[in-house]
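Q: I'd like to ask some things about the structure below.
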Amino acid sequence: MAPKKPAKNNSGLAIKIGSIELANPTILASGVLGVAAGGLIRAWQGGAAAVVTKTVGIESRTGHPGPRIVGIYGDSLMNAMGIPNPGIQEYLPEIESTIKHEIPVIGSALGNSPDEFASVAEQLAKAGVTAIELNVSCPHVGSLYLLGMDPQSVTEVVTEVVQRVKGKTPVWVKLPGSTDYPCLVKVAQAAEAAGASALVALNTLPALAIDIESRRPLLGAGIGGLSGPAVKPIAIRAVWELHQAGIAIPIIGVGGILTGSDVIEYFLAGASAVQIGTGVLTRGSTIFSNVCNEISDYLKEHGINQISELVGRINDAGVSS
Amino acid sequence: MTMNDNFNPSAIIRPIVTPILGVTTETPRTKAFTISAPSIGKHAVPGQFVMVWVPGIDEIPMSISSVNQGVEFAAARVGDATTQLHKLKKGDLLGVRGPLGKGFVFPKATEEKIMLLVAGGCGSPPIAFAATMAIRMGFVVDVALGATSKAELLFFNRFKDLETQGVRRFVVATDDGSDGLLGTSVDAATFLLDTDPAYSACLACGPEGMLVNLNTLLQKYSIPLQVSLERYMKCGVGLCGHCIIDLEGSRVCHEGPVFDAKNLEESDFGKVTRDATGKKEPLQFESNTS
């Protein structure tokens with residue numbers, strides 16, 4: 001059962017993230033559909049130009065007890081999956097089954113130390129991933145979130161990983177969901193200086209929701225990560241702050257994208273690509289091709305040839321951080 | 001901007017927390033729970049499920065067994081969440097969200113209206129709901145029910161009562177022979193097929209090995225089979241991908257849990273399942289093909 005490559009005739013959508021060329025700017029975000037090869041393939045068939053795997057570590061994790069997701073107004077939600085994963089060894093066949101169809105796969109890695117991050121990254125690189133995304137920012141796995149808010153720790157992890165993959169596989173760093181923009185800039189600068197090829201902004205934001213009947217948190221883990229349209233303005237501000245701060249490596253925007261307009265907004269703030277996760281719940285796995293069509297319409301209406309022309313082109317005279 | 005016509009974000013991703021209306025002991029290890037959730041009951045079709053939140057423990061998928069007097073589901077005591085669930089009484093709080101997934105598709109009214117329903121072990125809940133619905137829709141219904149022993153025949157009395165309302169033949173089988181035929185629900189189905197194989201459809205739920213064996217049996221008669229599958233579910237709404245069973249990305253919680261058996265040939269059906277970490281594990285069962 002070889003999946004058919006989806007028809008993509010949207011001109012002007014091709015982008016580059018460093019050395020990586022993608023047919024369009026939409027990428028499946030980590031943690032969505034990515035447990036199995038079939039889910040990654042499904043997102044690609046739905047129009048995603050690349051797919052990020054479920055975050056995997058050396059050892060397996062069962063994740064948090066349920067409820068693991070809960071709706072928060074409209075199309076936003078909170079989750080506390082707890083990064084369930086079978087461990088990199090068990091997961092490699094899912095990656096291989098996906099890459100076999102010439103789908104660009106970004107391997108998402110976690111670790112308890114720079115060495116563990118690097119060990120996972122090495123195995124992902126060996127499996128042939130297009131890039132590695134370091135999850136230093138899961139808001140419901142406490143140690144990871146703290147790591148991503150500490151520039152020194154990020155420096156250590158990125159340095160080790162870049163060295164161990166010998167600079168052959170690009171390394172992306174997924175930044176924590178936070179409104180502490182000065183801290184995010186410091187972490188981003190640390191990642192860039194240590195050799196990261198791109199930044200992903202932002203992970204879900206730390207949050208809490210309470211059921212007023214049982215007076216208990218609505219998620220099994222208690223706290224969780226907020227995603228969807230509610231976080232979009234925060235992530236766009238983060239992208240803009242990073243761009244303003246002179247970060248030279250590409251920024252991949254993520255948070256609350258449901259339409260092509262949302263993508264344009266991210267690009268204007270300084271993003272060179274985007275990831276979509278929660279939107280898959282709202283618009284299904286074809287959200288990627290739908291969003292691409294909407295971007296094309298915008299480009300045509302505004303006489304723009306390439307979406308990449310819009311990166312950082314916000315008219316922000318008078319806006320200061 | 002909706003994923004499908006039934007998409008209702010608030011109902012499917014946020015639990016309704018409500019007191020239990022009633023608890024009944026159905027077998028030595030299974031209890032049925034009824035809760036008041038009109039927004040779920042109104043839209044639910046047989047084969048759909050709810051995610052049941054046992055506060056403080058976990059959230060687990062449960063097939064809906066009835067929507068007559070509130071939303072009912074039946075849980076065998078198998079793990080932490082169901083053990084705690086079994087301690088709960090009328091008035092205690094439960095969270096529930098749904099209805100989730102796709103249910104059984106009933107054949108069109110123009111077709112032959114004789115249906116075979118097969119339930120094995122803990123598979124009775126969606127089949128009981130389907131039987132009630134099928135009778136209401138005017139189908140002639142035969143039921144094959146199997147369990148380890150007479151005491152474990154889940155919803156026996158409920159199916160028995162339906163004999164006066166539209167169930168034509170009701171055949172049971174037990175592993176220990178304590179009631180009905182000696183054997184499984186597939187043996188009970190075989191008995192029914194030997195007598196009259198003119199079924200326009202078969203709907204089934206039970207252990208996966210039983211469903212595989214039933215599929216092998218029904219292929220000989222060219223009777224279309226719909227099966228309700230069980231997999232480890234985490235989000236219940238098709239987002240996390242934990243319950244994907246093929247390279248098309250079919251999610252048991254979203255495209256399923258009911259599938260046409262003919263569409264499962266290139267899937268994990270009867271082959272592998274995933275544990276809580278996502279690790280694949282082989283499914284083991286006794287095959288009736290030799």
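By order in the structure tokens, chains are A, B, ...; within a chain, residues start at 1; ligands start at 1, following the order shown.
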List the spatial neighbours of Leu93 (chain B) as a PyMOL selection string - criterion: any atom at most 7 Å away, only C-alpha atoms, same-chain residues fewer than 2 positions off excluded.
A: chain B and resi 17-20+91+95
Q: Check every residue of chain A for an atom within 6 Å of chain B, counting only C-alpha atoms, and provide those that qualify as a short mmCIF file (atom, residue, chain, number, x, y, z; two decimals) with C-alpha atoms, in the first residue's frame.
A:
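File produced: out.cif:
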data_model
loop_
_atom_site.label_atom_id
_atom_site.label_comp_id
_atom_site.auth_asym_id
_atom_site.auth_seq_id
_atom_site.Cartn_x
_atom_site.Cartn_y
_atom_site.Cartn_z
CA VAL A 32 0.15 15.00 16.68
CA LEU A 33 -0.54 11.75 14.75
CA VAL A 35 2.98 7.65 17.21
CA GLY A 38 0.52 5.80 9.27
CA GLY A 39 -0.16 9.07 11.08
CA ARG A 42 -1.58 10.75 6.68
CA ARG A 61 7.65 6.32 28.66
CA THR A 62 4.02 5.45 29.37
CA PRO A 65 -2.80 9.20 33.13
CA GLY A 66 -5.96 10.59 31.51
CA PRO A 67 -7.65 12.84 30.84
CA ILE A 69 -6.56 16.47 26.51
CA VAL A 70 -9.30 18.92 27.36
CA GLY A 71 -11.00 21.59 25.30
CA PRO A 84 4.49 8.55 25.81
CA ASN A 85 6.94 6.82 23.48
CA PRO A 86 8.33 3.34 23.06
CA THR A 282 -10.42 21.40 13.85
CA ARG A 283 -9.92 20.94 10.10
CA GLY A 284 -8.78 17.34 9.83
#
Q: For Ile251 (chain A), which residue out of A:Phe117, A:Tyr181, A:Tyr91, A:Phe267 is the nearest one, using only C-alpha atoms?
A: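 Using only C-alpha atoms, the shortest distance to Ile251 (chain A) belongs to A:Phe267.
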Q: Between CA of Ile95 (chain A) and CA of Ala29 (chain A), measure the distance and give it in Å to one decimal.
A: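 Separating CA of Ile95 (chain A) from CA of Ala29 (chain A) is a distance of 15.1 Å.
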Q: Once DSSP has gone over the backbone, tell me which residues of region 81-197 of chain B are in helix (DSSP H, G or I), as a count of residues only.
A: 44
Q: What does the structure give for the distance between CA of Asn213 (chain B) and CA of Gly120 (chain B), in Å to one decimal?
A: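 Distance between the two atoms: 11.7 Å.
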Q: I'd like the interatomic distance between CA of Thr27 (chain B) and CA of Ala151 (chain B), to a tenth of an Å.
A: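 Answer for the CA of Thr27 (chain B) to CA of Ala151 (chain B) separation: 6.0 Å.
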